[in-house]
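Engineer: My structure is in protein.txt, and what it holds is compact mmCIF, C-alpha atoms and all ligand atoms:
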# COMPACT_ATOMS: atom_id res chain seq x y z
CA MET A 1 36.63 -7.29 -0.18
CA ARG A 2 33.06 -8.35 0.04
CA GLU A 3 31.12 -8.20 -3.19
CA ASP A 4 28.23 -5.80 -3.23
CA ASP A 5 25.32 -8.17 -3.63
CA PRO A 6 22.84 -7.77 -0.77
CA THR A 7 20.52 -10.46 -2.14
CA ALA A 8 23.27 -13.09 -2.17
CA GLU A 9 24.44 -12.03 1.28
CA ALA A 10 20.95 -12.13 2.78
CA THR A 11 20.27 -15.51 1.15
CA GLU A 12 23.48 -17.03 2.44
CA LEU A 13 23.05 -15.64 5.95
CA LEU A 14 19.44 -16.85 6.10
CA GLN A 15 20.53 -20.32 4.94
CA ASP A 16 23.19 -20.45 7.67
CA LEU A 17 20.71 -19.33 10.33
CA ILE A 18 18.22 -22.03 9.25
CA ARG A 19 20.96 -24.70 9.29
CA ASN A 20 21.89 -23.73 12.85
CA GLU A 21 18.59 -25.33 13.92
CA CYS A 22 17.99 -23.14 16.98
CA VAL A 23 14.83 -25.00 17.92
CA ASN A 24 13.14 -23.68 21.04
CA ASP A 25 10.81 -26.25 22.63
CA GLY A 26 10.27 -24.19 25.76
CA THR A 27 12.91 -25.95 27.88
CA VAL A 28 15.94 -24.02 29.08
CA GLU A 29 18.32 -26.53 27.42
CA SER A 30 16.78 -25.97 23.97
CA GLY A 31 17.34 -23.07 21.57
CA GLY A 32 21.12 -23.05 21.31
CA GLU A 33 20.96 -19.50 19.97
CA SER A 34 24.64 -18.98 20.82
CA ARG A 35 25.38 -20.81 17.53
CA SER A 36 23.65 -18.06 15.59
CA VAL A 37 25.22 -15.35 17.73
CA ASP A 38 28.64 -16.79 16.77
CA LEU A 39 27.57 -16.73 13.13
CA LEU A 40 26.30 -13.14 13.23
CA ASN A 41 29.31 -12.01 15.24
CA GLY A 42 31.53 -13.40 12.49
CA TYR A 43 29.40 -11.77 9.81
CA LEU A 44 29.47 -8.32 11.44
CA ALA A 45 33.15 -8.51 12.48
CA GLY A 46 35.50 -6.20 10.63
CA SER A 47 32.97 -3.40 10.14
CA GLY A 48 34.25 -1.48 13.13
CA LEU A 49 30.91 -2.05 14.83
CA ASP A 50 30.42 -2.11 18.54
CA VAL A 51 29.13 -5.67 19.17
CA GLU A 52 28.11 -7.08 22.57
CA ARG A 53 27.00 -10.55 23.55
CA TYR A 54 24.67 -11.40 26.45
CA GLU A 55 24.25 -14.98 27.65
CA PRO A 56 22.10 -15.25 30.79
CA GLN A 57 22.01 -19.05 30.44
CA PRO A 58 24.64 -21.21 28.74
CA GLY A 59 23.69 -21.47 25.06
CA ARG A 60 20.96 -18.81 25.25
CA ALA A 61 22.92 -15.88 23.79
CA SER A 62 21.72 -12.64 22.22
CA LEU A 63 23.81 -10.14 20.25
CA VAL A 64 23.59 -6.35 20.20
CA ALA A 65 25.37 -4.28 17.53
CA ARG A 66 25.29 -0.53 17.52
CA ILE A 67 26.07 2.50 15.37
CA GLU A 68 26.28 5.32 17.87
CA GLY A 69 24.41 8.51 16.96
CA SER A 70 26.09 11.91 17.04
CA ASP A 71 23.21 13.58 18.89
CA PRO A 72 22.24 11.95 22.21
CA LYS A 73 18.88 13.75 22.07
CA ALA A 74 17.95 12.40 18.64
CA PRO A 75 15.49 9.47 18.58
CA SER A 76 17.01 5.98 18.47
CA LEU A 77 15.93 2.90 16.49
CA LEU A 78 16.26 -0.80 17.29
CA LEU A 79 15.93 -3.47 14.60
CA MET A 80 15.17 -6.70 16.45
CA GLY A 81 15.08 -10.24 15.04
CA HIS A 82 14.80 -13.45 17.00
CA THR A 83 17.16 -16.34 16.20
CA ASP A 84 15.12 -19.22 17.66
CA VAL A 85 12.47 -21.21 15.79
CA VAL A 86 9.63 -23.54 16.77
CA PRO A 87 9.94 -27.35 16.44
CA VAL A 88 8.99 -29.14 13.22
CA ASN A 89 7.46 -32.44 12.26
CA PRO A 90 9.42 -33.32 9.07
CA ASP A 91 6.60 -35.68 7.93
CA GLY A 92 4.56 -32.71 6.72
CA TRP A 93 7.43 -31.11 4.77
CA SER A 94 8.24 -31.57 1.09
CA ARG A 95 11.88 -30.56 1.75
CA GLU A 96 14.39 -30.94 4.54
CA PRO A 97 13.22 -28.45 7.26
CA PHE A 98 16.79 -27.48 8.20
CA GLY A 99 18.39 -28.04 4.76
CA ALA A 100 17.90 -24.40 3.69
CA GLU A 101 17.67 -25.43 0.03
CA LEU A 102 17.41 -22.68 -2.57
CA VAL A 103 14.85 -23.75 -5.19
CA ASP A 104 13.40 -21.46 -7.88
CA GLY A 105 14.34 -18.38 -5.93
CA PHE A 106 12.88 -19.65 -2.64
CA VAL A 107 14.85 -20.49 0.51
CA TRP A 108 13.15 -23.38 2.29
CA GLY A 109 13.32 -24.10 5.98
CA ARG A 110 12.01 -23.56 9.47
CA GLY A 111 12.26 -19.87 10.30
CA ALA A 112 12.15 -18.64 6.68
CA VAL A 113 9.21 -16.31 7.50
CA ASP A 114 9.29 -16.49 11.33
CA MET A 115 11.54 -14.61 11.42
CA LEU A 116 15.05 -15.50 10.29
CA ASN A 117 14.28 -13.65 7.03
CA GLU A 118 14.18 -10.41 8.99
CA THR A 119 16.99 -11.35 11.39
CA ALA A 120 19.23 -11.99 8.35
CA THR A 121 18.22 -8.93 6.31
CA MET A 122 18.54 -6.64 9.34
CA ALA A 123 22.14 -7.87 9.81
CA VAL A 124 22.92 -7.36 6.11
CA ALA A 125 21.46 -3.83 6.14
CA PHE A 126 23.35 -3.07 9.34
CA ARG A 127 26.64 -4.24 7.91
CA ARG A 128 26.09 -2.30 4.69
CA LEU A 129 25.26 0.87 6.64
CA ALA A 130 28.43 0.45 8.70
CA ASP A 131 30.55 -0.22 5.59
CA SER A 132 29.15 2.88 3.90
CA GLY A 133 30.27 5.04 6.82
CA PHE A 134 26.68 5.82 7.91
CA LYS A 135 26.84 8.48 10.65
CA PRO A 136 23.31 8.93 12.02
CA LYS A 137 22.15 11.59 14.45
CA GLY A 138 20.22 9.01 16.48
CA THR A 139 21.68 5.66 17.53
CA LEU A 140 20.88 2.59 15.42
CA SER A 141 20.97 -0.81 17.13
CA TYR A 142 20.51 -4.37 15.95
CA LEU A 143 19.41 -7.08 18.36
CA ALA A 144 19.54 -10.74 17.42
CA VAL A 145 17.54 -12.08 20.31
CA ALA A 146 17.10 -15.53 21.87
CA ASP A 147 14.00 -17.23 23.25
CA GLU A 148 11.20 -15.30 21.54
CA GLU A 149 9.25 -18.51 21.01
CA ALA A 150 9.02 -19.17 24.78
CA LEU A 151 8.03 -15.81 26.29
CA GLY A 152 11.44 -14.12 26.03
CA THR A 153 12.56 -15.41 29.43
CA TRP A 154 16.23 -15.63 28.31
CA GLY A 155 15.87 -13.03 25.56
CA ALA A 156 13.90 -9.79 25.28
CA ARG A 157 12.34 -9.94 28.72
CA TRP A 158 15.69 -10.64 30.37
CA LEU A 159 17.46 -7.92 28.39
CA VAL A 160 14.85 -5.23 29.08
CA ASP A 161 14.87 -6.14 32.80
CA ASN A 162 18.65 -6.51 33.23
CA GLU A 163 20.41 -4.65 30.39
CA ARG A 164 17.92 -1.94 29.55
CA ASP A 165 20.55 0.62 28.46
CA ALA A 166 22.04 -1.86 26.00
CA VAL A 167 18.79 -2.55 24.17
CA TYR A 168 16.28 0.24 24.79
CA ALA A 169 15.37 2.49 21.86
CA ASP A 170 12.63 5.03 21.22
CA TYR A 171 11.52 3.05 18.17
CA VAL A 172 11.54 -0.70 17.71
CA ILE A 173 10.78 -2.79 14.63
CA THR A 174 10.38 -6.57 14.79
CA GLU A 175 8.10 -9.24 13.24
CA SER A 176 5.65 -9.46 11.44
CA GLY A 177 3.43 -7.66 8.86
CA GLY A 178 4.26 -6.14 5.49
CA PHE A 179 2.61 -8.82 3.32
CA GLN A 180 0.81 -7.21 0.38
CA LEU A 181 -2.98 -7.10 0.59
CA GLU A 182 -4.39 -6.07 -2.76
CA THR A 183 -6.99 -3.30 -2.98
CA PRO A 184 -8.37 -1.41 -6.01
CA GLU A 185 -6.08 1.48 -5.08
CA GLY A 186 -2.90 -0.53 -4.66
CA PRO A 187 -1.41 -2.85 -2.05
CA ARG A 188 -2.05 -2.26 1.63
CA LEU A 189 0.77 -3.21 3.99
CA PRO A 190 -0.25 -4.17 7.54
CA VAL A 191 1.82 -2.79 10.41
CA MET A 192 1.40 -4.65 13.69
CA THR A 193 0.61 -1.83 16.09
CA ASP A 194 -1.35 -3.83 18.66
CA GLU A 195 -0.86 -7.18 20.30
CA LYS A 196 -3.43 -9.19 22.23
CA GLY A 197 -2.63 -10.18 25.77
CA THR A 198 -2.51 -13.68 27.17
CA TYR A 199 -4.47 -14.77 30.21
CA TRP A 200 -3.51 -18.40 30.63
CA SER A 201 -5.70 -20.12 33.17
CA LYS A 202 -5.42 -23.42 34.99
CA ILE A 203 -8.72 -24.73 36.25
CA THR A 204 -8.59 -27.45 38.86
CA VAL A 205 -11.82 -29.41 39.10
CA PRO A 206 -12.31 -31.40 42.32
CA GLY A 207 -14.19 -34.68 42.75
CA THR A 208 -14.64 -37.45 45.30
CA PRO A 209 -12.72 -40.70 44.82
CA GLY A 210 -14.56 -44.01 44.62
CA HIS A 211 -14.53 -47.44 42.96
CA GLY A 212 -14.87 -47.44 39.19
CA SER A 213 -17.29 -50.38 39.40
CA GLN A 214 -19.92 -48.20 41.14
CA PRO A 215 -20.22 -44.93 39.24
CA PHE A 216 -23.87 -44.28 40.09
CA ARG A 217 -24.34 -40.90 41.89
CA THR A 218 -20.58 -40.27 42.23
CA ASP A 219 -18.81 -36.92 42.08
CA ASN A 220 -16.47 -37.66 39.15
CA ALA A 221 -13.94 -34.85 38.48
CA ILE A 222 -13.60 -35.80 34.79
CA VAL A 223 -17.36 -35.67 34.23
CA THR A 224 -17.51 -32.22 35.84
CA ALA A 225 -14.47 -31.09 33.83
CA ALA A 226 -16.21 -32.19 30.62
CA GLU A 227 -19.09 -29.89 31.50
CA VAL A 228 -16.63 -27.05 32.24
CA VAL A 229 -15.04 -27.56 28.79
CA ARG A 230 -18.47 -27.63 27.14
CA ARG A 231 -19.47 -24.35 28.78
CA ILE A 232 -16.19 -22.66 27.76
CA ALA A 233 -16.62 -23.84 24.17
CA GLU A 234 -20.19 -22.54 24.12
CA TYR A 235 -19.42 -19.21 25.73
CA ARG A 236 -20.09 -16.20 23.51
CA PRO A 237 -17.83 -13.29 24.46
CA PRO A 238 -18.98 -9.86 23.27
CA THR A 239 -17.89 -8.65 19.83
CA VAL A 240 -15.57 -5.63 20.01
CA VAL A 241 -14.90 -3.45 16.96
CA GLY A 242 -11.85 -1.55 18.16
CA GLU A 243 -10.12 1.43 16.61
CA THR A 244 -7.33 -0.62 14.98
CA TRP A 245 -9.80 -3.09 13.45
CA ARG A 246 -12.00 -0.30 12.12
CA ARG A 247 -9.04 1.54 10.59
CA PHE A 248 -7.76 -1.69 9.03
CA VAL A 249 -11.12 -2.55 7.43
CA GLU A 250 -11.65 1.00 6.16
CA GLY A 251 -8.10 1.12 4.80
CA MET A 252 -8.68 -2.09 2.82
CA GLN A 253 -11.27 -0.42 0.51
CA TYR A 254 -13.48 -3.50 0.66
CA PRO A 255 -16.81 -3.52 -1.22
CA ALA A 256 -19.58 -2.04 0.96
CA GLU A 257 -21.16 -5.38 1.85
CA LEU A 258 -17.92 -6.90 3.09
CA ARG A 259 -16.89 -3.72 4.88
CA ASP A 260 -20.22 -3.51 6.73
CA GLY A 261 -20.13 -7.20 7.60
CA LEU A 262 -16.72 -6.72 9.18
CA LEU A 263 -17.68 -3.61 11.17
CA LYS A 264 -21.21 -4.22 12.48
CA VAL A 265 -20.93 -5.30 16.09
CA ASP A 266 -24.31 -7.03 16.12
CA GLU A 267 -23.72 -9.05 12.96
CA LEU A 268 -20.01 -9.74 12.92
CA ARG A 269 -20.11 -13.12 14.65
CA GLU A 270 -22.66 -14.50 12.19
CA PHE A 271 -20.80 -12.90 9.30
CA CYS A 272 -17.62 -14.79 10.28
CA HIS A 273 -19.41 -18.06 9.39
CA THR A 274 -19.69 -16.91 5.76
CA LEU A 275 -15.94 -16.20 5.35
CA PRO A 276 -13.22 -18.66 4.21
CA LEU A 277 -11.94 -20.67 7.17
CA GLY A 278 -8.48 -19.09 7.64
CA LEU A 279 -9.82 -15.58 7.26
CA SER A 280 -12.78 -16.18 9.59
CA ARG A 281 -10.46 -17.32 12.38
CA MET A 282 -8.35 -14.20 12.01
CA VAL A 283 -11.37 -11.87 11.89
CA TYR A 284 -12.93 -13.53 14.92
CA SER A 285 -9.73 -13.34 16.97
CA CYS A 286 -9.22 -9.66 16.12
CA THR A 287 -12.68 -8.79 17.41
CA HIS A 288 -13.20 -11.13 20.39
CA THR A 289 -11.59 -12.28 23.58
CA THR A 290 -10.88 -15.94 22.78
CA PHE A 291 -11.05 -18.99 25.06
CA ALA A 292 -9.38 -22.22 23.91
CA PRO A 293 -9.23 -25.26 26.22
CA THR A 294 -5.87 -26.77 25.23
CA VAL A 295 -4.71 -29.21 27.94
CA ILE A 296 -6.54 -31.72 30.14
CA HIS A 297 -5.11 -34.05 32.79
CA GLY A 298 -7.22 -36.24 35.02
CA GLY A 299 -7.55 -39.65 36.60
CA THR A 300 -5.00 -42.19 37.78
CA LYS A 301 -6.36 -45.66 37.06
CA THR A 302 -9.19 -47.28 35.11
CA ASN A 303 -10.98 -48.55 38.26
CA VAL A 304 -10.73 -45.33 40.32
CA ILE A 305 -13.31 -42.51 40.15
CA PRO A 306 -11.03 -39.45 39.77
CA ASP A 307 -10.95 -36.86 42.53
CA LYS A 308 -9.11 -34.25 40.43
CA CYS A 309 -8.97 -33.02 36.84
CA GLU A 310 -6.83 -30.16 35.60
CA LEU A 311 -7.65 -28.03 32.57
CA GLN A 312 -5.61 -25.35 30.87
CA VAL A 313 -7.30 -22.64 28.88
CA ASP A 314 -5.48 -20.31 26.46
CA ILE A 315 -7.32 -17.00 26.80
CA ARG A 316 -6.33 -14.06 24.57
CA THR A 317 -7.37 -10.61 25.68
CA LEU A 318 -8.23 -7.49 23.68
CA PRO A 319 -6.67 -4.02 24.07
CA ASP A 320 -7.53 -2.28 27.35
CA GLN A 321 -9.05 -5.40 28.93
CA THR A 322 -8.14 -5.79 32.60
CA ALA A 323 -7.49 -9.05 34.45
CA ALA A 324 -10.64 -8.46 36.53
CA GLU A 325 -12.77 -8.15 33.39
CA VAL A 326 -11.38 -11.33 31.89
CA ASP A 327 -11.77 -13.24 35.14
CA ALA A 328 -15.41 -12.13 35.25
CA MET A 329 -15.91 -13.42 31.68
CA LEU A 330 -14.42 -16.79 32.59
CA ARG A 331 -16.66 -17.05 35.64
CA ASP A 332 -19.63 -16.04 33.55
CA ALA A 333 -18.76 -18.86 31.12
CA LEU A 334 -18.56 -21.42 33.95
CA GLY A 335 -21.82 -20.29 35.56
CA ASP A 336 -22.68 -22.17 38.75
CA LEU A 337 -19.57 -24.33 38.38
CA ALA A 338 -17.28 -21.31 38.90
CA ASP A 339 -17.50 -21.61 42.67
CA ASN A 340 -16.78 -25.36 42.66
CA VAL A 341 -13.44 -25.12 40.85
CA HIS A 342 -10.11 -23.50 41.58
CA ILE A 343 -8.88 -21.00 38.95
CA GLU A 344 -5.27 -19.86 38.71
CA SER A 345 -4.47 -17.33 35.98
CA ASN A 346 -1.40 -15.56 34.64
CA ASP A 347 -2.14 -12.14 33.16
CA ASP A 348 0.20 -10.85 30.44
CA PRO A 349 -1.72 -7.77 29.30
CA PRO A 350 -2.19 -6.54 25.73
CA THR A 351 0.08 -3.79 24.37
CA ALA A 352 -0.25 -1.18 21.64
CA SER A 353 1.61 1.69 20.03
CA PRO A 354 -0.04 4.74 18.45
CA THR A 355 0.15 5.44 14.71
CA ASP A 356 0.66 9.21 14.87
CA THR A 357 4.42 8.79 15.25
CA PRO A 358 7.53 9.69 13.22
CA LEU A 359 8.19 5.94 12.77
CA TRP A 360 4.81 5.42 11.10
CA GLU A 361 5.40 8.37 8.77
CA CYS A 362 8.87 7.06 7.98
CA LEU A 363 7.58 3.56 7.15
CA GLU A 364 4.86 5.06 4.97
CA ARG A 365 7.39 7.14 2.97
CA VAL A 366 9.95 4.39 2.63
CA SER A 367 7.63 1.48 1.79
CA GLY A 368 5.72 3.74 -0.60
CA LYS A 369 8.90 3.91 -2.68
CA LEU A 370 9.63 0.17 -2.48
CA VAL A 371 6.08 -1.06 -3.17
CA LYS A 372 4.32 0.95 -5.84
CA ASP A 373 1.01 2.62 -4.82
CA SER A 374 1.16 1.07 -1.36
CA ALA A 375 -0.17 2.49 1.89
CA LEU A 376 0.04 1.27 5.47
CA VAL A 377 -2.84 -0.12 7.52
CA PRO A 378 -2.66 -0.82 11.28
CA PHE A 379 -3.26 -4.40 12.37
CA MET A 380 -3.43 -6.44 15.55
CA MET A 381 -1.18 -9.41 16.31
CA VAL A 382 -3.39 -12.08 17.83
CA GLY A 383 -0.31 -13.90 19.16
CA GLY A 384 2.56 -12.43 21.14
CA THR A 385 5.95 -10.99 20.11
CA ASP A 386 8.91 -9.43 21.91
CA ASN A 387 7.48 -5.99 21.10
CA ARG A 388 5.43 -6.13 24.28
CA TYR A 389 8.47 -5.81 26.55
CA PHE A 390 9.68 -2.72 24.68
CA ARG A 391 6.25 -1.09 24.51
CA ARG A 392 5.90 -1.51 28.27
CA ALA A 393 9.34 0.04 28.71
CA GLY A 394 8.18 3.10 26.72
CA SER A 395 9.19 2.36 23.11
CA VAL A 396 6.97 2.76 20.07
CA GLY A 397 7.07 -0.81 18.73
CA TYR A 398 5.78 -2.02 15.37
CA GLY A 399 5.83 -5.36 13.61
CA PHE A 400 6.81 -4.83 9.98
CA GLY A 401 8.81 -6.18 7.04
CA LEU A 402 8.17 -6.50 3.31
CA PHE A 403 7.14 -9.37 1.10
CA SER A 404 7.00 -9.59 -2.67
CA LYS A 405 3.79 -10.55 -4.45
CA ARG A 406 5.07 -14.13 -4.53
CA ILE A 407 3.99 -14.51 -0.88
CA GLY A 408 0.31 -13.80 -0.26
CA PHE A 409 -1.44 -13.52 3.08
CA GLU A 410 -2.82 -17.08 2.97
CA ASP A 411 0.67 -18.53 2.26
CA TYR A 412 2.15 -16.43 4.98
CA ALA A 413 -0.49 -17.41 7.55
CA THR A 414 -0.22 -21.14 6.84
CA MET A 415 3.61 -21.19 6.84
CA PHE A 416 3.85 -19.43 10.21
CA HIS A 417 4.73 -22.31 12.60
CA GLY A 418 3.43 -24.58 9.80
CA ASN A 419 4.81 -26.90 7.13
CA ASP A 420 6.91 -25.98 4.06
CA GLU A 421 8.03 -22.63 5.41
CA ARG A 422 9.91 -20.69 2.71
CA VAL A 423 10.69 -17.18 1.53
CA ASP A 424 11.61 -15.80 -1.88
CA GLN A 425 14.79 -13.86 -2.59
CA GLU A 426 12.92 -10.84 -3.92
CA SER A 427 11.33 -10.46 -0.49
CA LEU A 428 14.79 -10.64 1.09
CA THR A 429 16.06 -7.91 -1.23
CA MET A 430 13.07 -5.66 -0.54
CA THR A 431 13.42 -6.13 3.21
CA THR A 432 17.15 -5.33 3.18
CA GLN A 433 16.41 -2.14 1.22
CA LEU A 434 13.64 -1.30 3.68
CA TRP A 435 15.91 -1.40 6.73
CA GLU A 436 18.61 0.69 5.08
CA ALA A 437 16.12 3.29 3.90
CA VAL A 438 14.36 3.44 7.29
CA ALA A 439 17.69 4.05 9.05
CA HIS A 440 18.55 6.92 6.69
CA ASP A 441 15.06 8.41 6.79
CA LEU A 442 14.44 8.21 10.54
CA LEU A 443 17.88 8.74 12.02
CA GLY A 444 19.22 11.19 9.43
ZN ZN B 1 8.49 -15.02 15.43
Have the structure of the file written as structure tokens, please.
Ligand SMILES: [Zn+2]
Structural biologist:
Amino acid sequence: MREDDPTAEATELLQDLIRNECVNDGTVESGGESRSVDLLNGYLAGSGLDVERYEPQPGRASLVARIEGSDPKAPSLLLMGHTDVVPVNPDGWSREPFGAELVDGFVWGRGAVDMLNETATMAVAFRRLADSGFKPKGTLSYLAVADEEALGTWGARWLVDNERDAVYADYVITESGGFQLETPEGPRLPVMTDEKGTYWSKITVPGTPGHGSQPFRTDNAIVTAAEVVRRIAEYRPPTVVGETWRRFVEGMQYPAELRDGLLKVDELREFCHTLPLGLSRMVYSCTHTTFAPTVIHGGTKTNVIPDKCELQVDIRTLPDQTAAEVDAMLRDALGDLADNVHIESNDDPPTASPTDTPLWECLERVSGKLVKDSALVPFMMVGGTDNRYFRRAGSVGYGFGLFSKRIGFEDYATMFHGNDERVDQESLTMTTQLWEAVAHDLLG
């Protein structure tokens, strides 16, 4: 007999997931998510659940558990949590990053908020639903997925492409959102309805080789590349106040001055300079296409004028932007240098789900009971999540969860891929309750 203590179960499972150290550095040999699939398989065993394992590459396993619905026409729900985490530099941590210590009600470790907290609580809720004899009309699935931190190549993307029937659902919930933003009328809980696209570009800048002792009037690829970088950094993309941003700002009940500053297209860029640093970055990214030069390679030897320099630019696109539009912006930024360089880009377009859906209404009802006086606000992920593969396949996909007041937005934002990642047990309890209540409310 298992004792009925969801908080203890979620804490223990989260600690075990952290200790599995499924670090994904982008190489196919990294991750090792099969360790956590073994763990979750063991945890869910004995509940009479239908559990499947998919391992497209050795070590890169994902697990699907399912409670079959009685009505094939009823809408289905997938709770999806990734099991991999990003690398750490332990120097910046005050505790062991993979020690999973429990201190003053906080579990410390890489993945505590991104997103092993949800992966663990989803499993606990799933097991509790199964143990209680939950018989939904629509099918409920749980996916513990590999490789989210490196584009889902061996995880969500692979599963949607190759095992669609095993993972597809009408409604999908995954990271992130649900941190409490205080307003005069009660907390607002962001739901990630939109996700920016990526348009990663490699710019190859040519030059003419020569001797480093005679640089006068040479065609030096690094010098030209420096000018390309300068122009990209100086480029001012247009400000876009989209529907999701407007609804978020209005939902936050900000004082008039702040609200206007955040919504006026002509003034928003200047207004960003007056905001605290972390907030200004977020506001800017939600309202602009962003261009960040992130990698540069050039030259071979100190005494050789380089004939080639390669730049990589991380471009993030706004909803509805096409590849052609973004390419035109990049060329506009480069000006007369655009024709002298070679540009190679990979377009991974933005995705979004509407808010007038039964899942939105369900989350509003359920979280309203768990967080007093709360209401939902739509928000845009400026990074990418596995939701994009499901939205493209036809699902309504949201990023959501719940956090107690012990974790504010600033904490959350700095811990994401940052140092001293940790989550409190009250948040784990709330999130477990959320998943159980959503399953009952939505699937009946
Ligand atoms: Zn994540």
Engineer: Check which residues of segment 378-428 of chain A sit at most 10 Å from segment 296-317 of chain A using all atoms listed in the file, and return one row each with the closest pair of atoms and their distance in Å to one decimal, ordered by chain and rising number, as CSV.
Structural biologist:
residue,atom,partner,partner_atom,distance
A:Val382,CA,A:Arg316,CA,7.6
A:Gly383,CA,A:Arg316,CA,8.1
A:Gly384,CA,A:Arg316,CA,9.7
Engineer: Write a file of the selected residues as a PDB file, in the coordinates of the input, keeping C-alpha atoms.
Structural biologist:
ATOM      1  CA  VAL A 382      -3.390 -12.080  17.830  1.00  0.00           C
ATOM      2  CA  GLY A 383      -0.310 -13.900  19.160  1.00  0.00           C
ATOM      3  CA  GLY A 384       2.560 -12.430  21.140  1.00  0.00           C
TER       4      GLY A 384
END
Engineer: Taking (19.1, -20.0, 29.8) as a centre in this file's frame and 6 Å as the limit, can you find every polymer residue with an atom that close, using all atoms listed in the file, and give them as an MDAnalysis selection string?
Structural biologist: chainID A and resid 28 56:58 60 154
Engineer: Pick out the residues sitting within 6 Å of segment 101-114 of chain A, and hand them over as a ChimeraX atom specification; count all atoms listed in the file, and ignore anything fewer than 6 positions along from it in its own chain.
Structural biologist: /A:85,421-425
Engineer: Pull the neighbourhood of (13.0, -13.9, 19.7) for me: all residues within 8 Å in file coordinates, counting all atoms listed in the file, as a count of residues only.
Structural biologist: 15
Engineer: If we count all atoms listed in the file, what is near segment 10-18 of chain A at a cut-off of 6 Å, once residues fewer than 2 positions away on the same chain are taken out, given as number ranges by chain?
Structural biologist: A: 6-8, 20-21, 98, 100, 120-121
Engineer: Measuring atom to atom with all atoms listed in the file, identify which of A:Val51, A:Leu376, A:Met415, A:Ala256 is nearest to Gln180 of chain A.
Structural biologist: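 Closest candidate: A:Leu376.
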Engineer: Just want the 12 Å neighbourhood of segment 129-139 of chain A, counted on all atoms listed in the file, with same-chain residues fewer than 6 positions away dropped. Output as a PyMOL selection string.
Structural biologist: chain A and resi 1-4+6+44-50+65-79+122-123+166-172+432-433+435-444
Engineer: Tell me which protein, DNA and RNA residues are within 12 Å of Thr244 of chain A, counting only C-alpha atoms, leaving out same-chain ones fewer than 5 positions away, and put them as a VMD selection string.
Structural biologist: chain A and resid 190 to 196 249 to 251 263 286 to 287 318 to 319 352 to 355 377 to 381
Engineer: With distances taken over all atoms listed in the file, which of A:Val37, A:Leu359, A:Val229, A:Leu337 is nearest to Tyr398 of chain A?
Structural biologist: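 Nearest to Tyr398 of chain A: A:Leu359.
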Engineer: Can you tell me how far atom CA of Ile173 of chain A sits from atom CA of Val396 of chain A, in Å to one decimal?
Structural biologist: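 Pair atom CA of Ile173 of chain A / atom CA of Val396 of chain A returns 8.7 Å.
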Engineer: Between atom CA of Val341 of chain A and atom CA of Glu227 of chain A, what is the distance, to one decimal in Å?
Structural biologist: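 We find that atom CA of Val341 of chain A and atom CA of Glu227 of chain A lie 11.9 Å from each other.
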Engineer: Using only C-alpha atoms and all ligand atoms, can you tell me which of A:Thr239, A:Thr119, A:Thr294, A:Thr322 comes closest to ligand ZN 1 (chain B)?
Structural biologist: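 Of all the options, A:Thr119 lies closest to ligand ZN 1 (chain B).
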Engineer: Could you please determine the separation between atom CA of Met329 of chain A and atom CA of Pro350 of chain A in Å, to one decimal place?
Structural biologist: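 That distance, rounded to one decimal, is 16.5 Å.
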Engineer: Please determine, counting all atoms listed in the file, which residue among A:Val160, A:Val371, A:Leu334, A:Val265 has the shortest atom-to-atom distance to Thr224 of chain A.
Structural biologist: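 Checking each of A:Val160, A:Val371, A:Leu334, A:Val265 against Thr224 of chain A, counting all atoms listed in the file, the winner is A:Leu334.
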Engineer: Contacts of Met430 of chain A at 8 Å or less, counting all atoms listed in the file, minus same-chain residues fewer than 2 places along, as an MDAnalysis selection string?
Structural biologist: chainID A and resid 370 402:404 426:428 432:434
Engineer: Go through A:Ser367, A:Gln321, A:Thr431, A:Asn387 one by one, measure the shortest atom-to-atom distance of each to ligand ZN 1 (chain B) using all atoms listed in the file, and give the residue with the smallest value.
Structural biologist: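 The closest residue to ligand ZN 1 (chain B) is A:Asn387.
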Engineer: When distances are computed from only C-alpha atoms and all ligand atoms, which of A:Gly394, A:Arg365, A:Ala150, A:Glu52 shows the smallest separation from ligand ZN 1 (chain B)?
Structural biologist: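 Under the stated criterion, the closest residue is A:Ala150.
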Engineer: Take every atom of segment 137-154 of chain A listed in the file, pad by 6 Å on each side, and give me the axis-aligned box centre and edge lengths in Å, one decimal, as AutoDock Vina command-line options.
Structural biologist:
--center_x 15.1 --center_y -3.8 --center_z 21.9 --size_x 26.1 --size_y 42.8 --size_z 27.0
Engineer: Could you add whatever atoms are missing so that segment 196-200 of chain A carries N, CA and C atoms, then write the result as an mmCIF file, keeping the file's coordinate frame?
Structural biologist:
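What landed in rebuild.cif:
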data_model
loop_
_atom_site.group_PDB
_atom_site.id
_atom_site.type_symbol
_atom_site.label_atom_id
_atom_site.label_comp_id
_atom_site.auth_asym_id
_atom_site.auth_seq_id
_atom_site.Cartn_x
_atom_site.Cartn_y
_atom_site.Cartn_z
ATOM 1 N N LYS A 196 -2.534 -8.695 21.175
ATOM 2 C CA LYS A 196 -3.430 -9.190 22.230
ATOM 3 C C LYS A 196 -2.634 -9.670 23.424
ATOM 4 N N GLY A 197 -3.271 -9.661 24.570
ATOM 5 C CA GLY A 197 -2.630 -10.180 25.770
ATOM 6 C C GLY A 197 -2.933 -11.649 25.959
ATOM 7 N N THR A 198 -2.174 -12.300 26.825
ATOM 8 C CA THR A 198 -2.510 -13.680 27.170
ATOM 9 C C THR A 198 -2.967 -13.722 28.619
ATOM 10 N N TYR A 199 -3.942 -14.583 28.862
ATOM 11 C CA TYR A 199 -4.470 -14.770 30.210
ATOM 12 C C TYR A 199 -4.634 -16.277 30.364
ATOM 13 N N TRP A 200 -3.494 -16.938 30.596
ATOM 14 C CA TRP A 200 -3.510 -18.400 30.630
ATOM 15 C C TRP A 200 -4.030 -18.850 31.981
#
